[in-house]
Amino acid sequence: MTSPHPILSIAGILIGALSLAAGLIWLERRLLALWQDRYGPNRVGPFGLLQVLADMIKIFFKEDWIPPFADKAVFVGAPGVIVATVLLSFAVLPIAAGIIVCDLNIGLLFVLAMSSLGVYSVVLAGWSSDNKYALLGGLRAAAQMLSYEVFMGLSLMGVVLLAGSFDLTAIVEAQRHLWFVVPQVLGFVLFLIAGIAETRRLPFDLPEAESELIAGFHSEYSGMKFGMFFVGEYLGVILISSLITILFFGGWLGPVLPPIVWFLVKMLFFICFFILLRASLPRPRFDQLMSWGWKAMLPLALANLLATGAVALAWRK
Amino acid sequence: MFSVIRTMWYVLLHMFHKRVTVQYPEERPYLAPRYRGRIILSRDPDGGERCVACYLCAVACPVDCIALQATEDDGGRRYPEFFRINFSRCIFCGYCEDACPTYAIQLTPEFEMGEYQRSNLVYEKEDLLINGPGKYPGYNFWRVAGVRIGGKDKGEAENEGRPVDVRSLLP
């Protein structure tokens with residue numbers, strides 16, 4: 001059940017995930033600049049890499065203001081929830097063979113459960129801010145994440161069917177001959193779209209839509225509490241990219257290079273893809289988002305599940 | 001759906017485009033000679049102050065950042081006793097330059113005037129005066145104006161005839 005070096009794995013994954021999330025601040029700004037014919041932060045340190053450090057110093061020393069009308073306990077607790085739930089999901093991710101904190105046999109379910117819990121953070125933040133924009137953002141987040149959660153789980157059932165297990169390590173091992181993206185191409189596209197919606201990244205950033213809701217659920221947040229939401233968002237991007245890698249692109253499997261490098265390369269590719277989405281696509285209207293989720297994505301996910309089940313059944317006979 | 005993918009492809013291709021950013025401290029943008037930057041007070045080609053302290057610049061200034069006090073020297077030549085521009089108020093609109101009848105006050109393409117203390121942005125006359133004539137090299141107000149000053153009587157200015165003796169025209 002557990003890995004051979006639990007403490008090492010825990011420390012490695014925790015430090016790795018958090019520093020990668022911090023590095024994503026720099027990566028995202030540089031890549032967005034690259035695609036907008038600019039340079040991005042390139043002054044602090046080599047290639048502007050120390051910009052992350054400068055940002056951290058800045059955000060730690062910023063005034064951390066709690067509005068007098070806010071529900072203080074919930075307001076303070078909400079940013080922690082999102083970071084905690086996302087970090088908990090990292091516990092079951094196999095980075096490479098043996099590099100895993102806890103090899104749960106229902107790992108995939110655990111990840112889905114944790115990402116559902118993450119909704120609470122956003123909703124409670126919007127609610128406790130006692131601000132109409134924040135509340136609207138929270139409501140949107142609740143509706144969006146609940147509807148996209150439904151087919152997010154369903155789109156993965158094809159993978160589970162093919163691998164015959166909820167265990168993420170077993171799912172990777174089952175892709176030794178063929179990545180699941182080939183038989184499950186529809187499932188992959190559905191999961192990708194649901195994953196973007198789950199992390200509330202553009203083009204599905206309606207809960208924080210700057211042009212309509214100021215900053216949505218985190219309008220009232222400042223200082224490190226605001227920073228926590230951002231760390232949570234970037235961790236979410238890393239989590240979804242890792243999940244795509246594990247579930248559809250064979251995880252750490254690959255020739256020549258060491259497995260952990262393969263995992264990181266695949267994951268970084270999808271992180272860059274997430275940033276490219278942000279650079280290129282406009283935000284849909286909220287009713288468009290909802291009808292997409294329920295009228296297009298959910299039936300497609302169900303059809304995918306039925307077809308995969310039928311084929312798998314016929315294959316076995 | 002196709003347009004979404006096409007959009008993403010075109011955005012991706014922007015990676016290979018030329019950057020529009022000017023890397024400022026190392027690489028400087030071209031500023032036109034008529035750029036409206038730091039304000040200076042220019043001098044005549046013979047080295048005298050051009051400003052005649054007419055107050056037109058102070059009147060034209062929409063933010064009231066110019067303060068001066070007129071005075072006269074022994075020869076009757078007007079000049080500002082003090083001339084003060086508060087650059088923390090100045091909006092670099094250039095109305096003072098437009099209003100100036102003697103080309104004394106001029107805006108230059110220099111713009112790096114950052115200070116850590118607000119009081120250092122108040123420029124006195126000795127900070128504003130430059131040694132040259134600025135954008136109008138040949139112009140000398142007192143040499144074309146028909147005003148009597150020390151060392152130049154009426155009728156001695158350029159393109160100016162001798163004053164007419166009004167009484168000699170009587171029959």
# chains A, B, ... in the order shown; residues from 1 in each chain; ligands from 1

call {"tool": "interface_residues", "arguments": {"of": "chain A", "to": "chain B", "cutoff": "9 Å", "atoms": "only C-alpha atoms", "output": "list of chain:residue names"}}
result
A:Leu31, A:Leu34, A:Trp35, A:Gln36, A:Asp37, A:Arg38, A:Tyr39, A:Leu276, A:Leu277, A:Ala279, A:Ser280, A:Leu281

call {"tool": "residues_around", "arguments": {"residues": "A:Phe269", "least_positions_apart": "2", "cutoff": "12 Å", "atoms": "only C-alpha atoms", "output": "list in words"}}
result
Val237, Ile238, Ile240, Ser241, Ser242, Ile244, Thr245, Phe249, Trp262, Phe263, Leu264, Val265, Lys266, Met267, Ile271, Cys272, Phe273, Phe274, Ile275 and Leu276 of chain A

call {"tool": "residues_around", "arguments": {"residues": "stretch 32-48 of chain B", "least_positions_apart": "3", "cutoff": "8 Å", "atoms": "only C-alpha atoms", "output": "PDB file with N, CA and C atoms, in the first residue's frame"}}
result
ATOM      1  N   CYS B  51      13.698  85.153 -21.113  1.00  0.00           N
ATOM      2  CA  CYS B  51      12.424  85.372 -20.423  1.00  0.00           C
ATOM      3  C   CYS B  51      12.260  86.848 -20.066  1.00  0.00           C
ATOM      4  N   PHE B  92       3.014  68.446 -18.390  1.00  0.00           N
ATOM      5  CA  PHE B  92       3.745  68.439 -19.655  1.00  0.00           C
ATOM      6  C   PHE B  92       2.806  68.623 -20.847  1.00  0.00           C
ATOM      7  N   CYS B  93       1.894  69.597 -20.720  1.00  0.00           N
ATOM      8  CA  CYS B  93       0.952  69.851 -21.799  1.00  0.00           C
ATOM      9  C   CYS B  93       1.563  70.742 -22.855  1.00  0.00           C
ATOM     10  N   GLY B  94       2.587  71.537 -22.494  1.00  0.00           N
ATOM     11  CA  GLY B  94       3.241  72.405 -23.467  1.00  0.00           C
ATOM     12  C   GLY B  94       2.526  73.714 -23.718  1.00  0.00           C
ATOM     13  N   TYR B 103      10.039  82.728 -27.009  1.00  0.00           N
ATOM     14  CA  TYR B 103      10.659  81.395 -27.136  1.00  0.00           C
ATOM     15  C   TYR B 103      11.543  81.052 -25.934  1.00  0.00           C
ATOM     16  N   ALA B 104      11.290  81.661 -24.795  1.00  0.00           N
ATOM     17  CA  ALA B 104      12.168  81.426 -23.648  1.00  0.00           C
ATOM     18  C   ALA B 104      11.903  80.058 -23.037  1.00  0.00           C
ATOM     19  N   ILE B 105      10.643  79.769 -22.781  1.00  0.00           N
ATOM     20  CA  ILE B 105      10.310  78.498 -22.115  1.00  0.00           C
ATOM     21  C   ILE B 105      10.090  77.451 -23.195  1.00  0.00           C
ATOM     22  N   GLN B 106      10.759  76.324 -23.067  1.00  0.00           N
ATOM     23  CA  GLN B 106      10.687  75.268 -24.082  1.00  0.00           C
ATOM     24  C   GLN B 106      10.634  73.901 -23.411  1.00  0.00           C
ATOM     25  N   LEU B 107       9.964  72.959 -24.083  1.00  0.00           N
ATOM     26  CA  LEU B 107       9.945  71.581 -23.581  1.00  0.00           C
ATOM     27  C   LEU B 107      10.961  70.761 -24.359  1.00  0.00           C
ATOM     28  N   THR B 108      11.656  69.862 -23.683  1.00  0.00           N
ATOM     29  CA  THR B 108      12.734  69.095 -24.308  1.00  0.00           C
ATOM     30  C   THR B 108      12.398  67.606 -24.296  1.00  0.00           C
ATOM     31  N   PRO B 109      13.077  66.785 -25.078  1.00  0.00           N
ATOM     32  CA  PRO B 109      12.786  65.348 -25.093  1.00  0.00           C
ATOM     33  C   PRO B 109      13.341  64.592 -23.895  1.00  0.00           C
ATOM     34  N   GLU B 110      13.827  65.282 -22.890  1.00  0.00           N
ATOM     35  CA  GLU B 110      14.321  64.537 -21.733  1.00  0.00           C
ATOM     36  C   GLU B 110      13.169  64.244 -20.784  1.00  0.00           C
ATOM     37  N   PHE B 111      13.136  63.054 -20.215  1.00  0.00           N
ATOM     38  CA  PHE B 111      12.011  62.715 -19.334  1.00  0.00           C
ATOM     39  C   PHE B 111      12.425  62.001 -18.056  1.00  0.00           C
ATOM     40  N   MET B 113      13.229  62.186 -14.816  1.00  0.00           N
ATOM     41  CA  MET B 113      13.321  63.184 -13.762  1.00  0.00           C
ATOM     42  C   MET B 113      12.921  62.593 -12.420  1.00  0.00           C
ATOM     43  N   LYS B 125      15.084  78.740 -10.868  1.00  0.00           N
ATOM     44  CA  LYS B 125      15.542  79.295 -12.132  1.00  0.00           C
ATOM     45  C   LYS B 125      16.898  78.737 -12.553  1.00  0.00           C
ATOM     46  N   LEU B 128      16.513  75.582 -14.211  1.00  0.00           N
ATOM     47  CA  LEU B 128      15.779  75.592 -15.476  1.00  0.00           C
ATOM     48  C   LEU B 128      16.582  76.213 -16.607  1.00  0.00           C
ATOM     49  N   LEU B 129      17.423  77.198 -16.281  1.00  0.00           N
ATOM     50  CA  LEU B 129      18.150  77.920 -17.332  1.00  0.00           C
ATOM     51  C   LEU B 129      19.200  77.030 -17.964  1.00  0.00           C
ATOM     52  N   ILE B 130      19.231  77.058 -19.297  1.00  0.00           N
ATOM     53  CA  ILE B 130      20.308  76.356 -19.991  1.00  0.00           C
ATOM     54  C   ILE B 130      21.196  77.395 -20.667  1.00  0.00           C
ATOM     55  N   ASN B 131      22.313  76.983 -21.199  1.00  0.00           N
ATOM     56  CA  ASN B 131      23.261  77.930 -21.772  1.00  0.00           C
ATOM     57  C   ASN B 131      22.979  78.281 -23.213  1.00  0.00           C
ATOM     58  N   GLY B 132      22.141  77.531 -23.896  1.00  0.00           N
ATOM     59  CA  GLY B 132      21.960  77.755 -25.330  1.00  0.00           C
ATOM     60  C   GLY B 132      20.595  78.309 -25.662  1.00  0.00           C
ATOM     61  N   PRO B 133      20.344  78.502 -26.945  1.00  0.00           N
ATOM     62  CA  PRO B 133      19.055  79.045 -27.384  1.00  0.00           C
ATOM     63  C   PRO B 133      17.983  77.979 -27.618  1.00  0.00           C
ATOM     64  N   GLY B 134      18.271  76.706 -27.357  1.00  0.00           N
ATOM     65  CA  GLY B 134      17.246  75.674 -27.499  1.00  0.00           C
ATOM     66  C   GLY B 134      16.862  75.437 -28.943  1.00  0.00           C
ATOM     67  N   PRO B 137      17.706  78.790 -32.705  1.00  0.00           N
ATOM     68  CA  PRO B 137      19.084  79.218 -32.532  1.00  0.00           C
ATOM     69  C   PRO B 137      19.310  80.705 -32.835  1.00  0.00           C
ATOM     70  N   GLY B 138      18.693  81.255 -33.912  1.00  0.00           N
ATOM     71  CA  GLY B 138      19.057  82.610 -34.303  1.00  0.00           C
ATOM     72  C   GLY B 138      18.261  83.712 -33.618  1.00  0.00           C
ATOM     73  N   TYR B 139      17.263  83.341 -32.870  1.00  0.00           N
ATOM     74  CA  TYR B 139      16.284  84.330 -32.407  1.00  0.00           C
ATOM     75  C   TYR B 139      16.792  85.082 -31.176  1.00  0.00           C
ATOM     76  N   ASN B 140      16.639  86.426 -31.245  1.00  0.00           N
ATOM     77  CA  ASN B 140      17.013  87.256 -30.104  1.00  0.00           C
ATOM     78  C   ASN B 140      15.935  88.299 -29.916  1.00  0.00           C
ATOM     79  N   PHE B 141      15.111  88.093 -28.925  1.00  0.00           N
ATOM     80  CA  PHE B 141      13.921  88.935 -28.748  1.00  0.00           C
ATOM     81  C   PHE B 141      14.277  90.414 -28.635  1.00  0.00           C
TER      82      PHE B 141
END

call {"tool": "residues_around", "arguments": {"residues": "stretch 70-83 of chain A", "least_positions_apart": "6", "cutoff": "7 Å", "atoms": "only C-alpha atoms", "output": "CSV table (one decimal) with N, CA and C atoms, in the first residue's frame"}}
result
chain,number,residue,atom,x,y,z
A,118,GLY,N,-12.7,20.7,-2.8
A,118,GLY,CA,-12.1,22.0,-3.1
A,118,GLY,C,-13.2,23.0,-3.5
A,121,SER,N,-14.0,25.5,-0.6
A,121,SER,CA,-13.1,26.7,-0.4
A,121,SER,C,-13.7,27.9,-1.2
A,124,LEU,N,-17.3,29.0,0.1
A,124,LEU,CA,-17.2,29.6,1.4
A,124,LEU,C,-16.5,30.9,1.4
A,125,ALA,N,-15.5,31.0,0.5
A,125,ALA,CA,-14.8,32.3,0.4
A,125,ALA,C,-15.7,33.4,-0.1
A,128,SER,N,-18.4,34.1,2.8
A,128,SER,CA,-18.0,34.8,4.0
A,128,SER,C,-17.5,36.2,3.7
A,129,SER,N,-17.2,36.5,2.4
A,129,SER,CA,-16.8,37.9,2.1
A,129,SER,C,-17.9,38.9,2.3
A,130,ASP,N,-19.1,38.4,2.3
A,130,ASP,CA,-20.3,39.3,2.4
A,130,ASP,C,-20.2,40.5,1.4
A,225,LYS,N,-3.4,35.4,2.0
A,225,LYS,CA,-4.7,34.6,1.8
A,225,LYS,C,-5.0,34.6,0.3
A,228,MET,N,-2.7,32.2,-1.2
A,228,MET,CA,-3.1,30.8,-1.0
A,228,MET,C,-4.1,30.4,-2.2
A,229,PHE,N,-5.0,31.2,-2.5
A,229,PHE,CA,-5.9,30.9,-3.6
A,229,PHE,C,-5.1,30.7,-4.9
A,231,VAL,N,-1.9,29.8,-5.1
A,231,VAL,CA,-1.1,28.6,-5.0
A,231,VAL,C,-2.1,27.4,-5.2
A,232,GLY,N,-3.3,27.5,-4.7
A,232,GLY,CA,-4.3,26.4,-4.9
A,232,GLY,C,-4.6,26.3,-6.4

call {"tool": "select_by_dssp", "arguments": {"residues": "chain B", "states": "strand (DSSP E or B)", "output": "ChimeraX atom specification"}}
result
/B:39-41,43,49,66-72,78-86,105-107,122-123,129,149,152

call {"tool": "residues_around", "arguments": {"residues": "A:Phe191", "least_positions_apart": "4", "cutoff": "8 Å", "atoms": "only C-alpha atoms", "output": "PyMOL selection string"}}
result
chain A and resi 151-152+155-156+187+195+244

call {"tool": "residues_around", "arguments": {"residues": "stretch 8-14 of chain A", "least_positions_apart": "3", "cutoff": "7 Å", "atoms": "only C-alpha atoms", "output": "PDB file with N, CA and C atoms, in the first residue's frame"}}
result
ATOM      1  N   HIS A   5       9.906   4.350   0.562  1.00  0.00           N
ATOM      2  CA  HIS A   5      10.488   5.435   1.367  1.00  0.00           C
ATOM      3  C   HIS A   5       9.432   6.500   1.599  1.00  0.00           C
ATOM      4  N   ALA A  17       5.882  19.819  -5.471  1.00  0.00           N
ATOM      5  CA  ALA A  17       4.622  20.395  -5.950  1.00  0.00           C
ATOM      6  C   ALA A  17       4.555  21.878  -5.622  1.00  0.00           C
ATOM      7  N   LEU A  18       4.968  22.240  -4.382  1.00  0.00           N
ATOM      8  CA  LEU A  18       4.845  23.646  -3.991  1.00  0.00           C
ATOM      9  C   LEU A  18       5.817  24.527  -4.763  1.00  0.00           C
ATOM     10  N   ILE A  99       7.595   6.003  -6.395  1.00  0.00           N
ATOM     11  CA  ILE A  99       7.566   7.366  -5.851  1.00  0.00           C
ATOM     12  C   ILE A  99       6.119   7.790  -5.716  1.00  0.00           C
ATOM     13  N   ILE A 100       5.538   7.448  -4.575  1.00  0.00           N
ATOM     14  CA  ILE A 100       4.136   7.742  -4.311  1.00  0.00           C
ATOM     15  C   ILE A 100       3.982   7.743  -2.807  1.00  0.00           C
ATOM     16  N   VAL A 101       3.142   8.636  -2.304  1.00  0.00           N
ATOM     17  CA  VAL A 101       3.006   8.719  -0.852  1.00  0.00           C
ATOM     18  C   VAL A 101       2.158   7.560  -0.354  1.00  0.00           C
TER      19      VAL A 101
END

call {"tool": "select_by_dssp", "arguments": {"residues": "stretch 48-254 of chain A", "states": "helix (DSSP H, G or I)", "output": "PyMOL selection string"}}
result
chain A and resi 48+51-61+72-90+107-128+132-163+168-173+185-198+206-208+210-213+216-218+223-248

call {"tool": "residues_around", "arguments": {"residues": "B:Ala157", "least_positions_apart": "6", "cutoff": "7 Å", "atoms": "only C-alpha atoms", "output": "JSON, numbers by chain"}}
result
{"B": [143, 144, 145, 146]}
